[in-house]
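Source file: protein.cif. Holds: mmCIF, C-alpha atoms and all ligand atoms.
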data_my_file
#
loop_
_atom_site.group_PDB
_atom_site.id
_atom_site.type_symbol
_atom_site.label_atom_id
_atom_site.label_comp_id
_atom_site.auth_asym_id
_atom_site.auth_seq_id
_atom_site.Cartn_x
_atom_site.Cartn_y
_atom_site.Cartn_z
ATOM 1 C CA MET A 137 52.221 182.384 -223.774
ATOM 2 C CA ALA A 138 54.189 185.486 -222.837
ATOM 3 C CA ASP A 139 52.339 188.742 -223.076
ATOM 4 C CA PHE A 140 54.832 191.178 -224.574
ATOM 5 C CA THR A 141 52.277 193.983 -224.442
ATOM 6 C CA LYS A 142 52.149 193.706 -220.662
ATOM 7 C CA ILE A 143 55.936 194.060 -220.482
ATOM 8 C CA SER A 144 55.860 197.127 -222.748
ATOM 9 C CA GLU A 145 53.001 198.666 -220.804
ATOM 10 C CA ALA A 146 54.764 198.176 -217.467
ATOM 11 C CA LEU A 147 57.930 199.691 -218.949
ATOM 12 C CA ILE A 148 56.025 202.719 -220.257
ATOM 13 C CA LYS A 149 54.551 203.212 -216.780
ATOM 14 C CA GLY A 150 58.055 202.936 -215.330
ATOM 15 C CA ASP A 151 57.019 199.968 -213.189
ATOM 16 C CA ALA A 152 60.432 198.319 -212.795
ATOM 17 C CA LYS A 153 59.178 195.637 -210.411
ATOM 18 C CA THR A 154 56.498 194.395 -212.814
ATOM 19 C CA VAL A 155 58.871 194.543 -215.792
ATOM 20 C CA LYS A 156 61.334 192.375 -213.885
ATOM 21 C CA GLU A 157 58.634 189.881 -212.814
ATOM 22 C CA LEU A 158 57.096 189.609 -216.287
ATOM 23 C CA THR A 159 60.527 189.212 -217.847
ATOM 24 C CA GLU A 160 61.365 186.410 -215.413
ATOM 25 C CA GLN A 161 58.027 184.806 -216.223
ATOM 26 C CA ALA A 162 58.703 184.973 -219.973
ATOM 27 C CA VAL A 163 62.135 183.411 -219.451
ATOM 28 C CA ALA A 164 60.543 180.625 -217.380
ATOM 29 C CA GLU A 165 58.173 179.996 -220.303
ATOM 30 C CA GLY A 166 61.215 179.402 -222.478
ATOM 31 C CA ILE A 167 60.981 182.486 -224.659
ATOM 32 C CA ALA A 168 64.261 183.587 -226.217
ATOM 33 C CA PRO A 169 65.831 186.571 -224.435
ATOM 34 C CA GLY A 170 66.342 188.383 -227.754
ATOM 35 C CA GLU A 171 62.639 188.135 -228.468
ATOM 36 C CA ILE A 172 61.698 189.489 -225.042
ATOM 37 C CA ILE A 173 64.082 192.416 -225.565
ATOM 38 C CA GLN A 174 62.723 193.239 -229.028
ATOM 39 C CA GLN A 175 59.019 192.718 -228.526
ATOM 40 C CA GLY A 176 58.725 193.691 -224.869
ATOM 41 C CA LEU A 177 61.457 196.089 -223.788
ATOM 42 C CA ILE A 178 62.429 197.793 -227.058
ATOM 43 C CA ALA A 179 58.790 198.057 -228.121
ATOM 44 C CA GLY A 180 58.018 199.880 -224.856
ATOM 45 C CA MET A 181 61.045 202.122 -225.109
ATOM 46 C CA SER A 182 60.080 203.136 -228.659
ATOM 47 C CA VAL A 183 56.763 204.439 -227.336
ATOM 48 C CA ILE A 184 58.675 206.441 -224.708
ATOM 49 C CA ALA A 185 61.010 207.805 -227.402
ATOM 50 C CA GLU A 186 58.063 208.933 -229.531
ATOM 51 C CA ARG A 187 56.302 210.611 -226.609
ATOM 52 C CA PHE A 188 59.533 212.345 -225.588
ATOM 53 C CA LYS A 189 60.029 213.605 -229.125
ATOM 54 C CA LYS A 190 56.521 215.076 -229.161
ATOM 55 C CA ASN A 191 57.093 216.719 -225.735
ATOM 56 C CA GLU A 192 54.268 214.623 -224.269
ATOM 57 C CA ILE A 193 56.656 213.462 -221.536
ATOM 58 C CA TYR A 194 59.874 214.895 -220.105
ATOM 59 C CA VAL A 195 63.293 213.806 -218.848
ATOM 60 C CA PRO A 196 62.136 212.333 -215.478
ATOM 61 C CA GLU A 197 59.613 210.012 -217.168
ATOM 62 C CA VAL A 198 62.249 208.842 -219.618
ATOM 63 C CA LEU A 199 64.678 208.117 -216.790
ATOM 64 C CA ILE A 200 62.030 206.152 -214.895
ATOM 65 C CA ALA A 201 61.156 204.127 -218.007
ATOM 66 C CA ALA A 202 64.857 203.513 -218.636
ATOM 67 C CA ARG A 203 65.212 202.221 -215.086
ATOM 68 C CA ALA A 204 62.366 199.791 -215.763
ATOM 69 C CA MET A 205 64.065 198.702 -218.976
ATOM 70 C CA HIS A 206 67.256 198.025 -217.066
ATOM 71 C CA ALA A 207 65.306 195.898 -214.574
ATOM 72 C CA GLY A 208 64.296 193.674 -217.489
ATOM 73 C CA LEU A 209 67.693 193.759 -219.159
ATOM 74 C CA GLY A 210 69.283 192.745 -215.847
ATOM 75 C CA VAL A 211 67.336 189.469 -215.985
ATOM 76 C CA LEU A 212 68.140 188.853 -219.649
ATOM 77 C CA LYS A 213 71.753 189.940 -220.083
ATOM 78 C CA PRO A 214 73.299 186.884 -218.398
ATOM 79 C CA LEU A 215 71.134 184.669 -220.622
ATOM 80 C CA LEU A 216 72.055 186.237 -223.930
ATOM 81 C CA THR A 217 74.247 183.958 -225.929
ATOM 82 C CA GLU A 218 77.518 185.325 -227.169
ATOM 83 C CA SER A 219 76.231 185.435 -230.715
ATOM 84 C CA GLU A 220 73.220 187.506 -229.680
ATOM 85 C CA THR A 221 75.412 190.098 -227.912
ATOM 86 C CA GLU A 222 78.006 190.052 -230.679
ATOM 87 C CA ALA A 223 75.348 190.643 -233.306
ATOM 88 C CA ALA A 224 74.249 193.972 -231.836
ATOM 89 C CA GLU A 225 75.754 197.107 -233.368
ATOM 90 C CA VAL A 226 77.958 198.925 -230.863
ATOM 91 C CA PHE A 227 77.327 202.569 -230.040
ATOM 92 C CA LEU A 228 80.167 204.242 -228.181
ATOM 93 C CA ILE A 229 79.387 207.505 -226.415
ATOM 94 C CA GLY A 230 81.074 210.043 -224.181
ATOM 95 C CA THR A 231 81.060 213.695 -223.165
ATOM 96 C CA VAL A 232 84.100 215.420 -224.633
ATOM 97 C CA LYS A 233 87.160 216.670 -222.786
ATOM 98 C CA GLY A 234 86.621 219.468 -220.267
ATOM 99 C CA ASP A 235 82.865 218.898 -220.100
ATOM 100 C CA LEU A 236 81.149 217.310 -217.103
ATOM 101 C CA HIS A 237 77.514 217.419 -218.258
ATOM 102 C CA ASP A 238 76.079 213.929 -218.653
ATOM 103 C CA ILE A 239 72.287 214.014 -218.340
ATOM 104 C CA GLY A 240 71.674 214.386 -222.078
ATOM 105 C CA LYS A 241 74.413 211.901 -222.941
ATOM 106 C CA ASN A 242 72.870 209.355 -220.574
ATOM 107 C CA LEU A 243 69.480 209.824 -222.200
ATOM 108 C CA VAL A 244 70.957 209.258 -225.639
ATOM 109 C CA ALA A 245 72.738 206.137 -224.325
ATOM 110 C CA MET A 246 69.501 204.772 -222.871
ATOM 111 C CA MET A 247 67.486 205.412 -226.015
ATOM 112 C CA MET A 248 70.163 203.714 -228.102
ATOM 113 C CA GLU A 249 70.126 200.738 -225.771
ATOM 114 C CA GLY A 250 66.358 200.769 -225.973
ATOM 115 C CA ALA A 251 66.654 200.648 -229.764
ATOM 116 C CA GLY A 252 68.827 197.529 -229.631
ATOM 117 C CA PHE A 253 72.357 198.923 -229.784
ATOM 118 C CA ARG A 254 75.019 197.610 -227.411
ATOM 119 C CA VAL A 255 76.112 200.799 -225.686
ATOM 120 C CA VAL A 256 79.578 201.502 -224.346
ATOM 121 C CA ASP A 257 79.546 204.669 -222.251
ATOM 122 C CA LEU A 258 82.919 206.298 -221.605
ATOM 123 C CA GLY A 259 81.509 208.851 -219.165
ATOM 124 C CA VAL A 260 82.457 212.527 -219.046
ATOM 125 C CA ASP A 261 85.588 214.607 -219.705
ATOM 126 C CA VAL A 262 86.829 212.084 -222.256
ATOM 127 C CA PRO A 263 90.000 213.137 -224.135
ATOM 128 C CA PRO A 264 90.278 212.444 -227.894
ATOM 129 C CA GLU A 265 92.900 209.721 -227.438
ATOM 130 C CA LYS A 266 90.624 207.846 -225.050
ATOM 131 C CA PHE A 267 87.886 207.823 -227.693
ATOM 132 C CA VAL A 268 90.324 206.387 -230.233
ATOM 133 C CA GLU A 269 91.560 203.759 -227.753
ATOM 134 C CA ALA A 270 87.961 202.764 -226.982
ATOM 135 C CA ILE A 271 87.144 202.467 -230.702
ATOM 136 C CA ARG A 272 90.079 200.099 -231.019
ATOM 137 C CA GLU A 273 88.786 198.016 -228.112
ATOM 138 C CA HIS A 274 85.029 197.960 -228.742
ATOM 139 C CA LYS A 275 84.786 198.297 -232.553
ATOM 140 C CA PRO A 276 81.666 200.484 -232.599
ATOM 141 C CA SER A 277 79.685 201.248 -235.751
ATOM 142 C CA ILE A 278 78.907 204.701 -234.399
ATOM 143 C CA VAL A 279 80.583 207.059 -231.961
ATOM 144 C CA GLY A 280 78.511 209.749 -230.224
ATOM 145 C CA LEU A 281 80.101 212.916 -228.869
ATOM 146 C CA SER A 282 78.248 215.113 -226.402
ATOM 147 C CA ALA A 283 79.107 218.708 -225.436
ATOM 148 C CA LEU A 284 77.069 221.192 -223.405
ATOM 149 C CA LEU A 285 79.458 224.114 -223.279
ATOM 150 C CA THR A 286 80.385 226.422 -226.122
ATOM 151 C CA THR A 287 83.946 226.200 -224.770
ATOM 152 C CA THR A 288 84.068 222.394 -225.127
ATOM 153 C CA MET A 289 82.604 222.244 -228.625
ATOM 154 C CA VAL A 290 86.159 222.655 -229.881
ATOM 155 C CA ALA A 291 87.071 219.408 -228.084
ATOM 156 C CA MET A 292 84.435 217.777 -230.286
ATOM 157 C CA LYS A 293 86.344 218.978 -233.344
ATOM 158 C CA ASP A 294 89.634 217.743 -231.829
ATOM 159 C CA THR A 295 88.086 214.326 -231.155
ATOM 160 C CA LEU A 296 86.750 214.089 -234.684
ATOM 161 C CA GLU A 297 90.163 214.989 -236.052
ATOM 162 C CA ALA A 298 91.838 212.363 -233.859
ATOM 163 C CA ILE A 299 89.400 209.729 -235.158
ATOM 164 C CA LYS A 300 89.911 210.812 -238.772
ATOM 165 C CA ALA A 301 93.689 210.659 -238.263
ATOM 166 C CA SER A 302 93.429 207.094 -236.931
ATOM 167 C CA GLU A 303 93.025 203.813 -238.763
ATOM 168 C CA PHE A 304 89.264 204.093 -238.124
ATOM 169 C CA LYS A 305 88.846 207.066 -240.475
ATOM 170 C CA ASP A 306 86.331 205.319 -242.732
ATOM 171 C CA LYS A 307 85.249 202.603 -240.332
ATOM 172 C CA VAL A 308 83.118 204.475 -237.805
ATOM 173 C CA LYS A 309 80.435 207.090 -238.155
ATOM 174 C CA VAL A 310 80.544 210.017 -235.757
ATOM 175 C CA MET A 311 77.440 211.717 -234.400
ATOM 176 C CA VAL A 312 77.461 214.898 -232.362
ATOM 177 C CA GLY A 313 74.938 216.536 -230.070
ATOM 178 C CA GLY A 314 74.311 218.663 -226.997
ATOM 179 C CA ALA A 315 72.452 221.923 -226.422
ATOM 180 C CA PRO A 316 74.900 224.324 -228.153
ATOM 181 C CA VAL A 317 75.582 221.972 -231.087
ATOM 182 C CA THR A 318 73.796 222.563 -234.405
ATOM 183 C CA GLN A 319 73.556 220.819 -237.751
ATOM 184 C CA ASN A 320 75.697 223.633 -239.151
ATOM 185 C CA TYR A 321 78.425 222.992 -236.618
ATOM 186 C CA ALA A 322 78.255 219.254 -237.272
ATOM 187 C CA ASP A 323 78.703 219.928 -241.018
ATOM 188 C CA GLU A 324 81.490 222.384 -240.361
ATOM 189 C CA ILE A 325 83.597 219.896 -238.372
ATOM 190 C CA GLY A 326 82.768 217.006 -240.705
ATOM 191 C CA ALA A 327 80.587 214.882 -238.412
ATOM 192 C CA ASP A 328 78.457 212.201 -240.089
ATOM 193 C CA GLY A 329 75.350 212.978 -238.074
ATOM 194 C CA TYR A 330 73.679 215.373 -235.650
ATOM 195 C CA ALA A 331 70.514 215.110 -233.609
ATOM 196 C CA PRO A 332 68.850 217.686 -231.373
ATOM 197 C CA ASP A 333 67.444 215.095 -228.976
ATOM 198 C CA ALA A 334 67.767 211.495 -227.866
ATOM 199 C CA SER A 335 64.944 210.004 -229.905
ATOM 200 C CA THR A 336 66.033 211.715 -233.115
ATOM 201 C CA ALA A 337 69.525 210.412 -232.300
ATOM 202 C CA VAL A 338 68.160 206.868 -232.659
ATOM 203 C CA ASP A 339 66.635 207.652 -236.063
ATOM 204 C CA VAL A 340 69.865 209.229 -237.277
ATOM 205 C CA ALA A 341 71.965 206.322 -235.957
ATOM 206 C CA LYS A 342 69.743 203.798 -237.738
ATOM 207 C CA LYS A 343 70.091 205.740 -240.969
ATOM 208 C CA LEU A 344 73.861 205.886 -240.582
ATOM 209 C CA ILE A 345 74.115 202.108 -240.331
ATOM 210 C CA GLY A 346 71.560 201.591 -243.056
ATOM 211 C CA ALA A 347 68.961 200.058 -240.757
ATOM 212 C CA ALA A 348 66.260 202.614 -241.468
HETATM 213 C C1 LIG B 1 72.534 220.440 -215.281
HETATM 214 C C2 LIG B 1 73.552 221.472 -215.690
HETATM 215 C C3 LIG B 1 74.792 221.448 -215.067
HETATM 216 C C4 LIG B 1 75.193 220.375 -214.051
HETATM 217 C C5 LIG B 1 75.547 219.079 -214.825
HETATM 218 C C6 LIG B 1 75.122 217.823 -214.079
HETATM 219 C C7 LIG B 1 75.269 216.614 -214.943
HETATM 220 N N1 LIG B 1 75.488 215.506 -214.281
HETATM 221 O O1 LIG B 1 75.165 216.653 -216.161
HETATM 222 C C8 LIG B 1 76.415 221.033 -213.355
HETATM 223 C C9 LIG B 1 75.922 221.793 -212.137
HETATM 224 C C10 LIG B 1 77.536 220.108 -212.934
HETATM 225 C C11 LIG B 1 76.845 222.068 -214.394
HETATM 226 C C12 LIG B 1 78.102 222.636 -214.420
HETATM 227 C C13 LIG B 1 78.462 223.665 -215.265
HETATM 228 N N2 LIG B 1 77.673 224.287 -216.155
HETATM 229 CO CO1 LIG B 1 75.933 223.626 -216.635
HETATM 230 N N3 LIG B 1 74.172 223.351 -217.035
HETATM 231 C C14 LIG B 1 73.246 222.452 -216.688
HETATM 232 C C15 LIG B 1 71.881 222.719 -217.366
HETATM 233 C C16 LIG B 1 71.019 223.458 -216.333
HETATM 234 C C17 LIG B 1 71.090 221.548 -217.877
HETATM 235 C C18 LIG B 1 71.839 220.615 -218.833
HETATM 236 C C19 LIG B 1 71.012 219.375 -219.020
HETATM 237 O O2 LIG B 1 71.251 218.356 -218.393
HETATM 238 N N4 LIG B 1 69.949 219.456 -219.850
HETATM 239 C C20 LIG B 1 68.986 218.373 -220.045
HETATM 240 C C21 LIG B 1 69.455 217.405 -221.133
HETATM 241 C C22 LIG B 1 68.434 216.291 -221.308
HETATM 242 O O3 LIG B 1 69.569 218.113 -222.337
HETATM 243 P P1 LIG B 1 70.888 218.086 -223.213
HETATM 244 O O4 LIG B 1 72.064 217.909 -222.344
HETATM 245 O O5 LIG B 1 70.852 219.263 -224.130
HETATM 246 O O6 LIG B 1 70.771 216.780 -224.064
HETATM 247 C C23 LIG B 1 69.830 216.558 -225.093
HETATM 248 C C24 LIG B 1 70.301 217.005 -226.480
HETATM 249 O O7 LIG B 1 71.214 218.086 -226.449
HETATM 250 C C25 LIG B 1 70.843 215.779 -227.128
HETATM 251 N N5 LIG B 1 72.222 215.350 -226.899
HETATM 252 C C26 LIG B 1 73.040 215.519 -225.831
HETATM 253 N N6 LIG B 1 74.204 214.879 -226.023
HETATM 254 C C27 LIG B 1 74.153 214.298 -227.229
HETATM 255 C C28 LIG B 1 75.091 213.515 -227.914
HETATM 256 C C29 LIG B 1 74.766 213.027 -229.177
HETATM 257 C C30 LIG B 1 75.756 212.197 -229.898
HETATM 258 C C31 LIG B 1 73.516 213.346 -229.768
HETATM 259 C C32 LIG B 1 73.200 212.878 -231.114
HETATM 260 C C33 LIG B 1 72.576 214.102 -229.076
HETATM 261 C C34 LIG B 1 72.893 214.584 -227.813
HETATM 262 O O8 LIG B 1 69.995 214.767 -226.610
HETATM 263 C C35 LIG B 1 69.734 215.032 -225.225
HETATM 264 C C36 LIG B 1 68.414 214.433 -224.831
HETATM 265 O O9 LIG B 1 67.333 214.859 -225.595
HETATM 266 C C37 LIG B 1 72.318 223.651 -218.566
HETATM 267 C C38 LIG B 1 71.241 224.610 -219.059
HETATM 268 C C39 LIG B 1 70.568 224.172 -220.313
HETATM 269 N N7 LIG B 1 69.411 224.722 -220.510
HETATM 270 O O10 LIG B 1 71.063 223.380 -221.092
HETATM 271 C C40 LIG B 1 73.544 224.346 -217.988
HETATM 272 C C41 LIG B 1 74.608 224.871 -218.924
HETATM 273 C C42 LIG B 1 74.885 223.885 -220.043
HETATM 274 N N8 LIG B 1 75.826 224.972 -218.022
HETATM 275 C C43 LIG B 1 76.504 226.011 -218.251
HETATM 276 C C44 LIG B 1 77.698 226.328 -217.538
HETATM 277 C C45 LIG B 1 78.338 227.657 -217.884
HETATM 278 C C46 LIG B 1 78.242 225.445 -216.582
HETATM 279 C C47 LIG B 1 79.527 225.667 -215.764
HETATM 280 C C48 LIG B 1 80.709 226.267 -216.509
HETATM 281 C C49 LIG B 1 79.088 226.505 -214.573
HETATM 282 C C50 LIG B 1 80.203 227.006 -213.674
HETATM 283 N N9 LIG B 1 80.444 228.297 -213.799
HETATM 284 O O11 LIG B 1 80.753 226.208 -212.935
HETATM 285 C C51 LIG B 1 79.835 224.252 -215.242
HETATM 286 C C52 LIG B 1 80.780 223.494 -216.177
HETATM 287 C C53 LIG B 1 81.238 222.191 -215.638
HETATM 288 C C54 LIG B 1 81.948 221.446 -216.723
HETATM 289 N N10 LIG B 1 83.258 221.544 -216.818
HETATM 290 O O12 LIG B 1 81.281 220.777 -217.523
HETATM 291 C C55 LIG B 1 75.935 226.867 -219.382
HETATM 292 C C56 LIG B 1 76.719 226.753 -220.699
HETATM 293 C C57 LIG B 1 76.869 228.078 -221.387
HETATM 294 C C58 LIG B 1 77.640 227.945 -222.636
HETATM 295 N N11 LIG B 1 77.120 228.593 -223.643
HETATM 296 O O13 LIG B 1 78.621 227.305 -222.732
HETATM 297 C C59 LIG B 1 74.459 226.359 -219.439
HETATM 298 C C60 LIG B 1 73.805 226.479 -220.831
HETATM 299 C C61 LIG B 1 73.672 227.230 -218.412
HETATM 300 C C62 LIG B 1 73.592 228.690 -218.800
HETATM 301 N N12 LIG B 1 72.524 229.145 -219.375
HETATM 302 O O14 LIG B 1 74.509 229.448 -218.544
HETATM 303 N N13 LIG B 1 75.872 222.327 -215.233
#
In structure tokens, how does this file's structure come out?
Amino acid sequence: MADFTKISEALIKGDAKTVKELTEQAVAEGIAPGEIIQQGLIAGMSVIAERFKKNEIYVPEVLIAARAMHAGLGVLKPLLTESETEAAEVFLIGTVKGDLHDIGKNLVAMMMEGAGFRVVDLGVDVPPEKFVEAIREHKPSIVGLSALLTTTMVAMKDTLEAIKASEFKDKVKVMVGGAPVTQNYADEIGADGYAPDASTAVDVAKKLIGAA
């Protein structure tokens, strides 16, 4: 019998080696990869998200836990059936044009992955047309835009306008975030959601797709 708690605990400690071993063990016992992800990896990552939200832990701990999660996911990804991967909601994220900051964006991406989304990360300095192209290719439910500079917040507005002008106008939800971004700014440019941090981003995303 697989012990999901042990997987979660190792993930919370950031013990990538143990997470990988326990995941391999669970696979050998014939447990479905989706179940290991939900009850072992995602369960652990939710604890991390909560602690991060309450300022009980900081960015380095989250990154270490995320590395442990990836160690487990690395074992499971090749085993996921097409239907299991297809079923996951897609979250597309990128840092907007002119902006090279990616630490916060990466955290949001990891938390989303930890919450069960299939994440497509476009990286940094992403122009509006590239976002639209990527929406066409990956069919996300939600698009996340990150900006860390007051000067690049306008690129967020441009990206939103490009999405609204495309055929995906009513098909994707757009969330915005980054240190200078506020709920007021999100409302002003017509974004569907805003979150001040990565764990709140998960809550908002779930609400946007009606899963919470
Ligand atoms: C690290 C850093 C850099 C690194 C970036 C490395 C990297 N790989 O990201 C480097 C050195 C490259 C850099 C460069 C510059 N930087 Co800089 N940088 C920072 C710094 C110190 C930390 C940013 C960070 O990573 N924070 C930690 C993360 C975890 O927080 P976060 O990004 O806010 O993300 C959280 C939330 O905002 C939210 N979130 C983030 N994205 C998203 C997206 C969505 C969809 C959602 C829902 C939520 C969300 O969730 C995250 C996790 O909780 C900040 C200072 C600060 N206090 O913010 C300055 C800062 C952002 N930089 C600044 C500046 C000016 C620059 C430069 C112009 C400096 C220069 N003169 O060259 C260049 C610009 C380069 C460019 N074109 O982008 C200024 C911006 C001022 C302003 N008002 O615009 C700041 C505020 C520093 C300052 N006080 O002057 N920088």
Considering all atoms listed in the file, state which residue in the set A:Ile345, A:Ala301, A:Val198, A:Ala224 is at the smallest distance from ligand LIG 1 (chain B).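 So, comparing all the options, the nearest one is A:Val198.
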Given the file shown, enumerate the residues that the PyMOL selection byres (((not hetatm)) within 7 of (chain B and resi 1)) captures and present them as a PyMOL selection string. chain A and resi 195+229+234-241+243-244+280-287+311-316+330-335+337
List the residues selected by the PyMOL selection byres (((chain A and resi 188) around 12) and not hetatm) in the file shown, writing them as a list in words.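 Given this file, the PyMOL selection byres (((chain A and resi 188) around 12) and not hetatm) evaluates to Ile148, Met181, Ser182, Val183, Ile184, Ala185, Glu186, Arg187, Lys189, Lys190, Asn191, Glu192, Ile193, Tyr194, Val195, Pro196, Glu197, Val198, Leu199, Ala201, Leu243, Val244, Met247, Asp333, Ala334, Ser335 and Thr336 of chain A.
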Run through the PyMOL selection byres (((chain A and resi 270) around 12) and not hetatm) on the given coordinates and return the selected residues as a CSV table (one decimal) with C-alpha atoms, in the frame of the given file.
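Listing of expr.csv after writing:
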chain,number,residue,atom,x,y,z
A,226,VAL,CA,78.0,198.9,-230.9
A,227,PHE,CA,77.3,202.6,-230.0
A,228,LEU,CA,80.2,204.2,-228.2
A,229,ILE,CA,79.4,207.5,-226.4
A,230,GLY,CA,81.1,210.0,-224.2
A,256,VAL,CA,79.6,201.5,-224.3
A,257,ASP,CA,79.5,204.7,-222.3
A,258,LEU,CA,82.9,206.3,-221.6
A,259,GLY,CA,81.5,208.9,-219.2
A,262,VAL,CA,86.8,212.1,-222.3
A,263,PRO,CA,90.0,213.1,-224.1
A,264,PRO,CA,90.3,212.4,-227.9
A,265,GLU,CA,92.9,209.7,-227.4
A,266,LYS,CA,90.6,207.8,-225.0
A,267,PHE,CA,87.9,207.8,-227.7
A,268,VAL,CA,90.3,206.4,-230.2
A,269,GLU,CA,91.6,203.8,-227.8
A,271,ILE,CA,87.1,202.5,-230.7
A,272,ARG,CA,90.1,200.1,-231.0
A,273,GLU,CA,88.8,198.0,-228.1
A,274,HIS,CA,85.0,198.0,-228.7
A,275,LYS,CA,84.8,198.3,-232.6
A,276,PRO,CA,81.7,200.5,-232.6
A,278,ILE,CA,78.9,204.7,-234.4
A,279,VAL,CA,80.6,207.1,-232.0
A,299,ILE,CA,89.4,209.7,-235.2
A,304,PHE,CA,89.3,204.1,-238.1
A,308,VAL,CA,83.1,204.5,-237.8
Taking all atoms listed in the file into account, which of A:Thr141, A:Leu209, A:Lys153, A:Ala204 comes nearest Ala179 in chain A?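 Once distances to Ala179 in chain A are computed over all atoms listed in the file, the minimum belongs to A:Thr141.
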CA of Asn242 in chain A to CA of Leu344 in chain A, straight-line distance in Å: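 We find that CA of Leu344 in chain A and CA of Asn242 in chain A lie 20.3 Å from each other.
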Using only C-alpha atoms, find the one residue out of A:Ala291, A:Ala251, A:Met246, A:Val317 that sits nearest to Glu225 in chain A.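 Checking each candidate against Glu225 in chain A, we get A:Ala251 as the closest.
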Which is closer to Leu212 in chain A than all the others in A:Met292, A:Ala298, A:Ala162, A:Met248, using only C-alpha atoms?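 The closest residue to Leu212 in chain A is A:Ala162.
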Measuring atom to atom with all atoms listed in the file, identify which of A:Met289, A:Ile200, A:Ala245, A:Ile143 is nearest to Gln161 in chain A.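 Nearest candidate to Gln161 in chain A out of A:Met289, A:Ile200, A:Ala245, A:Ile143: A:Ile143.
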When distances are computed from only C-alpha atoms, which of A:Val232, A:Ala164, A:Ala152, A:Ala223 shows the smallest separation from His206 in chain A?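 Of all the options, A:Ala152 lies closest to His206 in chain A.
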Calculate how many Å separate CA of Ser144 in chain A from CA of Lys213 in chain A, rounding to one decimal.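 Separating CA of Ser144 in chain A from CA of Lys213 in chain A is a distance of 17.6 Å.
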May I ask for the distance between CA of Gly250 in chain A and CA of Leu296 in chain A, given in Å to one decimal place? 25.9 Å
Non-local contacts of Ile167 in chain A (12 Å; all atoms listed in the file; under 5 positions in same chain excluded) as a list in words: Met137, Ala138, Asp139, Phe140, Leu158, Thr159, Glu160, Gln161, Ala162, Ile172, Ile173, Gln174, Gln175, Gly176, Leu212, Leu215 and Leu216 of chain A
